[in-house]
Every structure is written in C-alpha cells, then in structure tokens.
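Participant: See coords.cif below, with mmCIF, C-alpha atoms.
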data_input
loop_
_atom_site.label_atom_id
_atom_site.label_comp_id
_atom_site.auth_asym_id
_atom_site.auth_seq_id
_atom_site.Cartn_x
_atom_site.Cartn_y
_atom_site.Cartn_z
CA MET A 204 0.00 0.00 0.00
CA SER A 205 1.46 3.37 -1.02
CA TYR A 206 2.27 6.07 1.51
CA PRO A 207 -0.35 8.59 0.26
CA ILE A 208 -3.11 5.97 0.50
CA LYS A 209 -2.07 5.12 4.05
CA ARG A 210 -2.25 8.78 4.99
CA LEU A 211 -5.64 9.17 3.33
CA LEU A 212 -7.00 6.20 5.30
CA VAL A 213 -6.12 8.03 8.52
CA PHE A 214 -8.13 11.10 7.52
CA PRO A 215 -11.55 9.76 8.64
CA LEU A 216 -10.25 8.87 12.11
CA VAL A 217 -8.72 12.31 12.55
CA MET A 218 -11.89 14.00 11.32
CA LEU A 219 -13.96 11.95 13.76
CA GLY A 220 -11.72 12.99 16.63
CA VAL A 221 -11.85 16.64 15.60
CA SER A 222 -15.63 16.53 15.25
CA VAL A 223 -16.08 15.12 18.76
CA PHE A 224 -13.66 17.63 20.24
CA VAL A 225 -15.20 20.71 18.61
CA PHE A 226 -18.76 19.48 19.31
CA ILE A 227 -18.07 19.26 23.03
CA SER A 228 -15.89 22.38 23.20
CA ILE A 229 -18.41 24.76 21.64
CA ARG A 230 -21.12 23.55 24.00
CA LEU A 231 -18.92 24.16 27.02
CA VAL A 232 -18.76 27.86 26.14
CA PRO A 233 -20.93 29.75 28.67
CA GLY A 234 -24.15 31.23 27.34
CA ASP A 235 -27.36 30.21 25.66
CA ALA A 236 -27.52 29.72 21.90
CA ILE A 237 -31.01 31.23 21.57
CA THR A 238 -30.06 34.32 23.57
CA ALA A 239 -26.85 34.78 21.56
CA MET A 240 -28.77 34.39 18.30
CA LEU A 241 -31.57 36.88 19.07
CA GLY A 242 -29.72 39.26 21.38
CA THR A 243 -31.95 41.58 23.39
CA GLU A 244 -35.02 40.35 21.53
CA SER A 245 -34.68 37.00 23.28
CA GLY A 246 -36.12 38.67 26.39
CA LEU A 247 -39.42 39.07 24.56
CA LEU A 248 -39.81 35.32 24.03
CA THR A 249 -42.26 33.37 26.08
CA PRO A 250 -41.10 30.05 27.58
CA THR A 251 -43.19 28.24 24.95
CA GLN A 252 -41.54 30.15 22.10
CA ARG A 253 -38.09 29.55 23.52
CA ASP A 254 -38.78 25.81 23.84
CA ALA A 255 -40.09 25.76 20.27
CA LEU A 256 -36.88 27.38 18.99
CA ARG A 257 -34.73 24.95 20.94
CA ALA A 258 -36.69 22.06 19.46
CA TYR A 259 -36.40 23.50 15.94
CA PHE A 260 -32.60 23.65 16.18
CA GLY A 261 -32.41 20.32 18.02
CA LEU A 262 -31.04 21.87 21.20
CA ASP A 263 -33.65 20.18 23.37
CA GLN A 264 -32.01 16.77 22.89
CA ASN A 265 -29.07 15.43 24.85
CA TRP A 266 -25.56 15.85 23.47
CA PHE A 267 -25.28 12.30 22.18
CA ILE A 268 -28.42 12.59 20.06
CA GLN A 269 -27.39 16.06 18.83
CA PHE A 270 -23.97 14.76 17.79
CA TRP A 271 -25.38 11.68 16.07
CA ARG A 272 -27.88 13.72 14.06
CA TRP A 273 -25.24 16.21 13.02
CA PHE A 274 -22.58 13.60 12.23
CA ALA A 275 -25.06 11.50 10.23
CA GLY A 276 -25.78 14.60 8.17
CA VAL A 277 -22.06 15.23 7.67
CA LEU A 278 -21.64 11.73 6.26
CA GLN A 279 -24.28 12.67 3.68
CA GLY A 280 -22.65 16.01 2.91
CA ASP A 281 -25.08 18.05 5.04
CA PHE A 282 -23.27 20.15 7.65
CA GLY A 283 -26.47 21.72 8.93
CA ILE A 284 -28.04 25.17 8.75
CA SER A 285 -26.38 28.24 10.24
CA THR A 286 -28.57 29.94 12.82
CA THR A 287 -26.82 33.25 12.11
CA TYR A 288 -27.13 33.32 8.31
CA GLY A 289 -30.07 30.98 7.81
CA LYS A 290 -28.13 29.18 5.04
CA PRO A 291 -26.42 25.80 4.70
CA VAL A 292 -23.05 25.77 6.45
CA MET A 293 -21.08 24.70 3.38
CA THR A 294 -22.60 27.53 1.35
CA ILE A 295 -21.30 30.04 3.89
CA ILE A 296 -17.89 28.38 4.04
CA TRP A 297 -17.48 28.51 0.25
CA GLN A 298 -18.52 32.17 0.27
CA HIS A 299 -15.79 33.18 2.74
CA PHE A 300 -13.02 30.68 2.05
CA PRO A 301 -11.80 32.13 -1.31
CA LEU A 302 -10.78 35.36 0.45
CA THR A 303 -8.86 33.43 3.11
CA LEU A 304 -7.20 31.26 0.45
CA GLU A 305 -6.12 34.32 -1.52
CA LEU A 306 -4.77 35.98 1.62
CA ALA A 307 -2.84 32.82 2.55
CA ILE A 308 -1.29 32.49 -0.92
CA LEU A 309 -0.28 36.16 -1.09
CA SER A 310 1.19 36.02 2.40
CA MET A 311 3.21 32.91 1.61
CA LEU A 312 4.53 34.42 -1.64
CA ILE A 313 5.65 37.54 0.20
CA ALA A 314 7.21 35.56 3.06
CA LEU A 315 9.12 33.10 0.87
CA SER A 316 10.27 35.70 -1.67
CA ILE A 317 11.78 37.71 1.19
CA GLY A 318 12.77 35.01 3.65
CA ILE A 319 14.62 32.47 1.48
CA PRO A 320 16.95 34.90 -0.37
CA ALA A 321 17.64 36.86 2.83
CA GLY A 322 18.38 33.67 4.79
CA ILE A 323 20.73 32.35 2.11
CA TYR A 324 22.47 35.70 1.86
CA ALA A 325 22.98 35.79 5.63
CA ALA A 326 24.32 32.22 5.66
CA THR A 327 26.80 32.88 2.86
CA HIS A 328 27.98 36.07 4.60
CA LYS A 329 28.26 34.59 8.07
CA ASP A 330 29.52 36.89 10.86
CA ARG A 331 29.71 39.86 8.52
CA PRO A 332 27.85 43.14 9.21
CA SER A 333 25.24 42.24 6.58
CA ASP A 334 24.56 38.94 8.35
CA LEU A 335 24.09 40.76 11.65
CA ILE A 336 21.66 43.23 10.07
CA VAL A 337 19.56 40.44 8.56
CA ARG A 338 19.43 38.62 11.90
CA ILE A 339 18.38 41.75 13.77
CA VAL A 340 15.62 42.46 11.24
CA ALA A 341 14.42 38.87 11.53
CA MET A 342 14.41 39.10 15.33
CA PHE A 343 12.29 42.27 15.23
CA GLY A 344 9.98 40.69 12.67
CA GLN A 345 9.31 37.65 14.84
CA SER A 346 8.89 39.61 18.06
CA THR A 347 6.45 42.19 16.67
CA PRO A 348 2.78 41.06 16.83
CA SER A 349 0.99 40.97 13.50
CA PHE A 350 -1.76 43.31 14.66
CA VAL A 351 0.84 45.97 15.51
CA VAL A 352 2.34 45.67 12.03
CA GLY A 353 -1.15 45.89 10.52
CA LEU A 354 -2.11 49.01 12.47
CA LEU A 355 1.19 50.70 11.57
CA LEU A 356 0.71 49.90 7.89
CA ILE A 357 -2.84 51.26 7.95
CA TYR A 358 -1.69 54.47 9.60
CA LEU A 359 1.38 55.04 7.43
CA LEU A 360 0.13 53.99 3.99
CA SER A 361 -3.59 54.70 4.24
CA VAL A 362 -4.12 57.45 6.80
CA GLY A 363 -0.76 59.17 6.43
CA PHE A 364 -0.15 58.98 2.68
CA GLY A 365 -3.47 57.77 1.27
CA VAL A 366 -1.68 55.25 -0.90
CA LEU A 367 -3.90 52.25 -0.24
CA PRO A 368 -7.49 51.86 0.97
CA GLU A 369 -8.02 51.18 4.67
CA MET A 370 -11.05 48.95 4.58
CA GLY A 371 -14.57 48.87 3.29
CA THR A 372 -16.69 46.71 1.04
CA PHE A 373 -14.62 43.78 -0.13
CA VAL A 374 -14.22 43.45 -3.91
CA PRO A 375 -13.68 39.87 -5.18
CA ILE A 376 -10.75 39.35 -7.53
CA THR A 377 -13.11 38.10 -10.25
CA GLU A 378 -14.91 41.46 -10.31
CA ASP A 379 -12.02 43.92 -10.11
CA PRO A 380 -8.50 42.41 -9.78
CA LEU A 381 -6.79 45.76 -9.18
CA ALA A 382 -9.21 46.86 -6.46
CA ASN A 383 -8.96 43.41 -4.90
CA ILE A 384 -5.16 43.47 -4.78
CA ALA A 385 -5.25 46.99 -3.35
CA GLN A 386 -7.44 45.74 -0.51
CA MET A 387 -5.49 42.53 0.07
CA ILE A 388 -1.91 43.79 -0.12
CA LEU A 389 -1.83 45.36 3.36
CA PRO A 390 -3.11 42.28 5.23
CA ALA A 391 -0.88 40.06 3.06
CA ILE A 392 2.18 42.14 3.94
CA THR A 393 1.14 42.08 7.60
CA LEU A 394 1.06 38.29 7.67
CA GLY A 395 3.89 37.78 5.20
CA THR A 396 6.49 39.91 6.96
CA ALA A 397 5.96 38.12 10.27
CA PHE A 398 6.39 34.72 8.65
CA ALA A 399 9.29 35.96 6.52
CA ALA A 400 11.27 36.52 9.71
CA ALA A 401 10.82 32.87 10.69
CA VAL A 402 11.80 31.75 7.17
CA ILE A 403 14.95 33.88 7.31
CA ARG A 404 16.11 32.31 10.54
CA MET A 405 15.23 28.78 9.45
CA SER A 406 16.82 29.02 5.99
CA ARG A 407 19.97 30.66 7.39
CA SER A 408 20.43 28.00 10.06
CA THR A 409 19.80 25.13 7.64
CA MET A 410 22.02 26.56 4.93
CA LEU A 411 24.91 26.95 7.39
CA ASP A 412 24.64 23.23 8.22
CA ILE A 413 24.36 22.18 4.58
CA LEU A 414 27.40 24.20 3.55
CA GLN A 415 29.50 22.08 5.93
CA GLU A 416 28.44 18.78 4.33
CA ASP A 417 30.97 16.64 2.45
CA TYR A 418 29.12 16.70 -0.87
CA VAL A 419 29.20 20.51 -0.86
CA ARG A 420 32.95 20.48 -0.25
CA THR A 421 33.36 17.91 -3.02
CA ALA A 422 31.42 20.08 -5.46
CA ARG A 423 33.63 23.02 -4.58
CA SER A 424 36.79 20.95 -5.00
CA LYS A 425 35.68 19.97 -8.52
CA GLY A 426 35.81 23.61 -9.52
CA MET A 427 32.08 24.42 -9.57
CA SER A 428 31.22 28.06 -9.15
CA ARG A 429 30.09 29.24 -5.75
CA ARG A 430 26.70 30.28 -7.10
CA ARG A 431 26.10 26.86 -8.69
CA VAL A 432 27.07 25.01 -5.51
CA ILE A 433 24.70 27.09 -3.40
CA TRP A 434 21.66 27.16 -5.69
CA ARG A 435 22.00 23.74 -7.35
CA HIS A 436 23.36 21.50 -4.58
CA ALA A 437 22.84 23.14 -1.19
CA LEU A 438 19.51 24.93 -1.62
CA PRO A 439 17.23 21.90 -2.34
CA ASN A 440 18.31 20.21 0.90
CA ALA A 441 18.15 23.45 2.85
CA LEU A 442 14.55 23.96 1.73
CA ILE A 443 13.20 20.83 3.46
CA PRO A 444 12.85 22.42 6.95
CA VAL A 445 11.54 25.59 5.31
CA ILE A 446 8.85 23.57 3.52
CA THR A 447 7.87 21.95 6.82
CA LEU A 448 7.55 25.35 8.45
CA SER A 449 5.67 26.73 5.44
CA GLY A 450 3.22 23.83 5.45
CA VAL A 451 2.30 24.41 9.09
CA GLU A 452 1.98 28.15 8.53
CA PHE A 453 -0.08 27.74 5.36
CA GLY A 454 -2.46 25.37 7.16
CA TYR A 455 -2.81 27.96 9.90
CA LEU A 456 -3.51 30.70 7.37
CA LEU A 457 -6.18 28.57 5.67
CA GLY A 458 -7.92 28.49 9.02
CA GLY A 459 -8.12 32.25 8.85
CA ALA A 460 -5.88 34.86 10.43
CA VAL A 461 -8.54 36.13 12.80
CA LEU A 462 -6.76 39.24 14.10
CA VAL A 463 -5.68 40.45 10.67
CA GLU A 464 -9.09 39.80 9.11
CA GLN A 465 -10.69 41.66 12.03
CA ILE A 466 -8.34 44.65 11.76
CA PHE A 467 -8.80 45.04 8.00
CA ALA A 468 -12.54 44.16 8.10
CA LEU A 469 -12.10 41.25 5.69
CA PRO A 470 -15.01 38.77 5.52
CA GLY A 471 -12.74 35.74 5.59
CA LEU A 472 -13.25 32.33 7.14
CA GLY A 473 -11.41 33.15 10.38
CA ARG A 474 -13.58 36.17 11.10
CA THR A 475 -16.68 34.15 10.22
CA VAL A 476 -15.75 31.41 12.70
CA LEU A 477 -15.08 34.00 15.41
CA ASP A 478 -18.51 35.58 14.87
CA ALA A 479 -20.08 32.11 14.88
CA ILE A 480 -18.50 31.33 18.25
CA LEU A 481 -19.78 34.61 19.70
CA GLN A 482 -23.25 33.87 18.30
CA ARG A 483 -23.16 30.22 19.52
CA ASP A 484 -23.78 29.12 15.93
CA TYR A 485 -22.96 25.49 16.64
CA ALA A 486 -23.44 24.13 13.13
CA LEU A 487 -21.26 26.81 11.51
CA VAL A 488 -18.47 26.41 14.07
CA GLN A 489 -18.46 22.62 13.77
CA GLY A 490 -18.54 22.63 9.98
CA SER A 491 -15.85 25.31 9.68
CA VAL A 492 -13.46 23.59 12.08
CA LEU A 493 -13.89 20.29 10.23
CA PHE A 494 -13.20 22.07 6.94
CA ILE A 495 -10.08 23.72 8.39
CA ALA A 496 -8.84 20.42 9.84
CA PHE A 497 -9.27 18.70 6.47
CA ASN A 498 -7.30 21.45 4.72
CA PHE A 499 -4.55 21.16 7.32
CA MET A 500 -4.20 17.43 6.76
CA VAL A 501 -4.12 17.84 2.98
CA VAL A 502 -1.40 20.49 3.24
CA ASN A 503 0.68 18.29 5.54
CA LEU A 504 0.37 15.37 3.13
CA LEU A 505 1.52 17.53 0.21
CA VAL A 506 4.46 18.76 2.29
CA ASP A 507 5.53 15.19 3.04
CA LEU A 508 5.35 14.29 -0.65
CA ALA A 509 7.40 17.37 -1.52
CA TYR A 510 10.29 16.01 0.58
CA ALA A 511 10.92 13.19 -1.89
CA ALA A 512 10.81 15.61 -4.81
CA LEU A 513 13.49 17.82 -3.24
CA ASP A 514 15.74 15.12 -1.79
CA PRO A 515 16.23 11.88 -3.81
CA ARG A 516 17.50 10.17 -0.66
CA ILE A 517 14.02 10.28 0.85
CA ARG A 518 11.82 7.35 -0.13
CA PHE A 519 8.45 6.26 1.22
CA GLU A 520 8.01 2.58 1.98
CA THR A 521 5.24 0.83 0.05
CA LYS A 522 5.01 -2.34 2.15
#
Would it be possible to restate this file's structure as structure tokens?
Facilitator:
Amino acid sequence: MSYPIKRLLVFPLVMLGVSVFVFISIRLVPGDAITAMLGTESGLLTPTQRDALRAYFGLDQNWFIQFWRWFAGVLQGDFGISTTYGKPVMTIIWQHFPLTLELAILSMLIALSIGIPAGIYAATHKDRPSDLIVRIVAMFGQSTPSFVVGLLLIYLLSVGFGVLPEMGTFVPITEDPLANIAQMILPAITLGTAFAAAVIRMSRSTMLDILQEDYVRTARSKGMSRRRVIWRHALPNALIPVITLSGVEFGYLLGGAVLVEQIFALPGLGRTVLDAILQRDYALVQGSVLFIAFNFMVVNLLVDLAYAALDPRIRFETK
C-alpha cells in the first residue's frame, strides 16, 4: 500500500476525533444559543416560544443525540443550517473561504520571496555586518505582533499617505483584480512579513549546516562556481525544513488569520468562525473547524510528498 493511501485512510479517524472535540468544546462555552442568536429580543420570548426554537434547532435533545444527528448529516454532505445566516453551512464556508485562500497564498509568496533569499544571503555572509543586520531584522519581525504591524501599515500607507485603501466593502478578484489586490496587499504584507522573519532564521540555520556537508565540499573541490554550488546543490536540501515550516503556517492561514481579518474588516473564514462562536452558531463552528482540519491534513500530506521531490535520498516505503 502506497504512503499517500495510508495517509488518506487516517483522515476519517482524525476527522472523527476533531468533530467530537469541537462538538463538546463549543457547548462548554458559557451562554445560551437562543439568547446569543436573538440578542436583546430574546427577552421578549415566552417560555413556549423559547422551547419551540430549541426544538427547531435540536437543542432540546441530549448531546449524544445532537452529535449523532449532526454527524449523520455530515456523512451525507449536510453540515447543517447556520442559525446566524439561515443558510447551509457549506454555502457560507465557500462564500468566505476564497478570500482566506487568496490571503494565505499572497502572504506565503511575500514571506518566501523575502525570507529564502535573505536567509541564504545571511548564511553565505556569516559573521559579517550584513549577516548581523539580517538577523536583527528577523528578530524584530518575529517579536512584533501581527496586529501591531497591521495598524502601523494602515496608519502610514492609508491614513498618512493615502496610498492604499483602509477597509470597506470587499471586492472579489473576479470582479475587479486591481481593487482586490489593493485591498489585500496590506493584510498580506502584515502576515507575510511576520512569517518571513521565521523563514529567514530557518533558511539561514539550515544553509549553514548544509554548507558544511561533504558533498558541498566535493562540489567546490571539482571547480564548480560558488553560485552553482549554493543554488544547485545546497539549496534543495536546505529547503526541506523551510517547507515543513511553510506547510504548518499555510495550514494555519487557511484556518483564517482572525486578528488580521478583524483589523482590516475582511469577511474571511477566520472572522466568520469568530462571529459564529460569539453567536453560539454550533453548526457553523463545527462545519468550519472540520473544513479547516481537512485542509490542514491535505497540506501536511503535500508537504511530506514534496520532501521526496526535493531530496532523492528520501523514499516512502510501500510495504
């Protein structure tokens, strides 16, 4: 049996565990779902009306029955109806996920395009002033919270110079690509710069180790140029830890960067899940977390498969 198939067979067990965990966790949050859904208007409900609403949403049953009904629906592709939006959960997820996916991709492109070259440059100029500068910048990048970076960018570029829009009605990329990029660039830079600092430190550390390997010394002794040795021989092996780090970060970003989406008023998946938790929208929270967990597992599987593509020494057993 091949390695990818083995990993795929584990997916249902992980999803079952995640579904049980999130089902119990959301119900342990203090508060009443009906009150959270209706707000102050819930005080106008009579006990009969409140009981009728609880029965309509299945909240009058015990947890085991609620979970079984919901999980049986999931197996049929029905994740339930959101009490906040009054729509099927998957419809809401697919409405908000494209924004989060775009933000994650832009952030990763910014982080890797900055982090990998800077890390390699620092490693190949070890203990020089330029190496020290790169390390200091990376340290500041990792220690500065993303919401601080976001607020500073908003103030400097939008409020101070009026270069980019602050926030407002989100424009999908299919409608107006330029307006979309203008709205997404600030949050993408906010997330990308923070992750770029981690990539710089990881790629620098790994490259320093790789440059001491025997095969790198052999390549140099054969008269290969320094550039060819670094980019052709050392870089592919140095990228393996960076890919691992990027896979974890990308999975996290697909779950929605809640703070950044909140600061820039982006209707992404993370902000939607946060609002669902505050509104005690059980079906939406459960469906969204399952969707995020599935994406995370898929990303991790692709990262593992990328190892073999980068390093021929890595082989997956097929027994």
Participant: Let me know the residues the PyMOL selection byres ((chain A and resi 262) around 12) catches in the file above, as a ChimeraX atom specification.
Facilitator: /A:230,235-237,253-261,263-270,272-273,286,483-486
Participant: Would you give me, as a tab-separated table, each residue of segment 362-453 of chain A having an atom within 9 Å of an atom of segment 331-342 of chain A, along with its shortest atom pair and that distance in Å to one decimal, using only C-alpha atoms and sorting by chain and residue number?
Facilitator:
residue	atom	partner	partner_atom	distance
A:Ala397	CA	A:Ala341	CA	8.6
A:Ala399	CA	A:Ala341	CA	7.7
A:Ala400	CA	A:Ala341	CA	4.3
A:Ala401	CA	A:Ala341	CA	7.0
A:Val402	CA	A:Ala341	CA	8.8
A:Ile403	CA	A:Ala341	CA	6.6
A:Arg404	CA	A:Ala341	CA	6.8
Participant: List the spatial neighbours of Pro470 of chain A as a PyMOL selection string - criterion: any atom at most 12 Å away, only C-alpha atoms, same-chain residues fewer than 4 positions off excluded.
Facilitator: chain A and resi 295-304+306+370-375+386-387+459-466+474-478
Participant: Could you tell me which residues the PyMOL selection byres ((chain A and resi 449-458) around 9) returns for this structure, as number ranges by chain?
Facilitator: A: 300, 303-304, 306-308, 310-311, 315, 394, 398, 402, 444-448, 459-461, 472-473, 491-492, 494-496, 498-503, 505-506
Participant: Using atom CA of Ser205 of chain A and atom CA of Ala512 of chain A as the two end points, give the distance in Å to one decimal.
Facilitator: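 For atom CA of Ser205 of chain A relative to atom CA of Ala512 of chain A, the distance reads 15.9 Å.
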Participant: N, CA, C and O atoms for segment 268-284 of chain A, written as a compact mmCIF listing (two decimals), in the coordinates of the input, could you do that?
Facilitator:
# COMPACT_ATOMS: atom_id res chain seq x y z
N ILE A 268 -27.47 12.57 21.17
CA ILE A 268 -28.42 12.59 20.06
C ILE A 268 -28.10 13.74 19.11
O ILE A 268 -28.16 13.59 17.89
N GLN A 269 -27.75 14.91 19.68
CA GLN A 269 -27.39 16.06 18.83
C GLN A 269 -26.18 15.72 17.95
O GLN A 269 -26.16 16.02 16.75
N PHE A 270 -25.17 15.08 18.56
CA PHE A 270 -23.97 14.76 17.79
C PHE A 270 -24.29 13.73 16.71
O PHE A 270 -23.81 13.85 15.58
N TRP A 271 -25.08 12.72 17.05
CA TRP A 271 -25.38 11.68 16.07
C TRP A 271 -26.15 12.25 14.88
O TRP A 271 -25.87 11.92 13.73
N ARG A 272 -27.11 13.12 15.15
CA ARG A 272 -27.88 13.72 14.06
C ARG A 272 -26.97 14.58 13.17
O ARG A 272 -27.06 14.52 11.94
N TRP A 273 -26.13 15.35 13.81
CA TRP A 273 -25.24 16.21 13.02
C TRP A 273 -24.23 15.39 12.25
O TRP A 273 -24.01 15.63 11.06
N PHE A 274 -23.61 14.39 12.89
CA PHE A 274 -22.58 13.60 12.23
C PHE A 274 -23.19 12.75 11.11
O PHE A 274 -22.55 12.56 10.06
N ALA A 275 -24.39 12.26 11.30
CA ALA A 275 -25.06 11.50 10.23
C ALA A 275 -25.30 12.40 9.02
O ALA A 275 -25.17 11.96 7.87
N GLY A 276 -25.62 13.66 9.27
CA GLY A 276 -25.78 14.60 8.17
C GLY A 276 -24.47 14.89 7.47
O GLY A 276 -24.43 15.01 6.24
N VAL A 277 -23.38 14.99 8.26
CA VAL A 277 -22.06 15.23 7.67
C VAL A 277 -21.68 14.10 6.72
O VAL A 277 -21.12 14.34 5.64
N LEU A 278 -21.96 12.87 7.11
CA LEU A 278 -21.64 11.73 6.26
C LEU A 278 -22.39 11.78 4.93
O LEU A 278 -21.94 11.20 3.93
N GLN A 279 -23.50 12.51 4.91
CA GLN A 279 -24.28 12.67 3.68
C GLN A 279 -23.98 14.00 2.98
O GLN A 279 -24.65 14.36 2.02
N GLY A 280 -23.00 14.73 3.51
CA GLY A 280 -22.65 16.01 2.91
C GLY A 280 -23.46 17.19 3.42
O GLY A 280 -23.35 18.29 2.87
N ASP A 281 -24.26 16.99 4.47
CA ASP A 281 -25.08 18.05 5.04
C ASP A 281 -24.48 18.47 6.37
O ASP A 281 -24.53 17.72 7.35
N PHE A 282 -23.90 19.66 6.42
CA PHE A 282 -23.27 20.15 7.65
C PHE A 282 -24.23 20.98 8.50
O PHE A 282 -23.80 21.60 9.47
N GLY A 283 -25.48 21.01 8.14
CA GLY A 283 -26.47 21.72 8.93
C GLY A 283 -26.75 23.12 8.41
O GLY A 283 -26.17 23.57 7.41
N ILE A 284 -27.64 23.81 9.11
CA ILE A 284 -28.04 25.17 8.75
C ILE A 284 -27.50 26.13 9.79
O ILE A 284 -27.61 25.90 11.00
